[in-house]
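This report refers to the structure that appears directly beneath it.
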Amino acid sequence: LTMKHGVCEYSMMGFVQYAAMLCVNNTADIQAASRIGKAAMSCLKKRFHSADQLPRVYFAYYGLVAFHTEPLQSCADMLRQGFDAGMSTGESGTAFLNSIQHILTSLIAGENLSSLLDKVDYYLELADLYKNKLTKTYLSIFRDTISTLIDKGESTSSKSNPNKTITEDSMKPANSSETMHFHRAIQAFWLGHSERCHHYVGKVLQMSSVTGTLRHVVMMFIHSLNTFQVLKRQNTAKLRAIPKNAIT
């Protein structure tokens, strides 16, 4: 429609979605996708000033495209702005999508875990207020991971704090097996359990059908680094090929 009738404020989302599709389906097109995404974001800010488009466009661009070429900390900051914009315009559903991606990006970017835990709790309180079960599910899983990395959940888990609204049921969504494997892999990697990490990363990569998302990039990175530890016990050609495949 844009090519036929010309550019309008809604075209920006189409451009960013196209850029995201290029990143997800073909990592060789990342530079082209980045140029398209940046052009769309620049046009949105300078020409259209459309507040109601910001939450969706920020989620698509900073969550699916920008992390390939821009600092993760900057992407996380912009996703937080996407959340704020969504809440201020009544787009709470899109706002909470930004919140989930904000926490993921911040975690991978290396933000202070105690500070990140506070942000998760803030989002969880709002998700509970707005009765957004999907957001509560994913943020509860993030909270478990962050708590485990801080002190193995001894004093920061939801179980140790009765004021938190997280329940065991909220940690077990019907279709979250890939998500749970992803988080178990991260926990195992940072806690030094290389065999366990190798197991869960393998599960994630088997179940994942896309290759250009932040989660997939992180899994490939962890997979290659963790393999060097596994190789100390199992020096096989298959394992030796993993770091090389991750680079290429």
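Quick note on naming: the chains in the structure tokens go A, B, ... in the order shown, residues restart at 1 in each chain, and ligands are numbered from 1 in order of appearance.
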Using only C-alpha atoms, what does the table of range 25-48 of chain A residues within 9 Å of range 6-19 of chain A look like, with each row giving the shortest atom pair and its distance in Å to one decimal, sorted by chain and ascending number, as a tab-separated table?
residue	atom	partner	partner_atom	distance
A:Asp29	CA	A:Ala19	CA	8.8
A:Ile30	CA	A:Ala19	CA	8.2
A:Ala32	CA	A:Ala19	CA	7.8
A:Ala33	CA	A:Ala19	CA	4.3
A:Ser34	CA	A:Ala19	CA	6.9
A:Arg35	CA	A:Ala19	CA	8.5
A:Ile36	CA	A:Ala19	CA	6.1
A:Gly37	CA	A:Val16	CA	5.1
A:Lys38	CA	A:Val16	CA	8.5
A:Ala39	CA	A:Phe15	CA	8.7
A:Ala40	CA	A:Met12	CA	5.2
A:Met41	CA	A:Met12	CA	7.2
A:Cys43	CA	A:Met12	CA	7.6
A:Leu44	CA	A:Met12	CA	6.4
A:Arg47	CA	A:Glu9	CA	8.4
A:Phe48	CA	A:Glu9	CA	5.8
How many Å lie between CA of Ala76 in chain A and CA of His102 in chain A, rounded to one decimal? 5.0 Å
Selection: 9 Å around range 87-89 of chain A, only C-alpha atoms, excl. self and same-chain fewer than 5 positions, as number ranges by chain: A: 51-52, 55, 82, 94-96
Just how far from CA of His198 in chain A is CA of Cys75 in chain A, in Å to one decimal? 28.3 Å
A:Ala127, A:Leu149, A:Val65, A:Leu54: which is nearest Ala20 in chain A, counting only C-alpha atoms?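 Among the listed residues, the smallest separation from Ala20 in chain A belongs to A:Val65.
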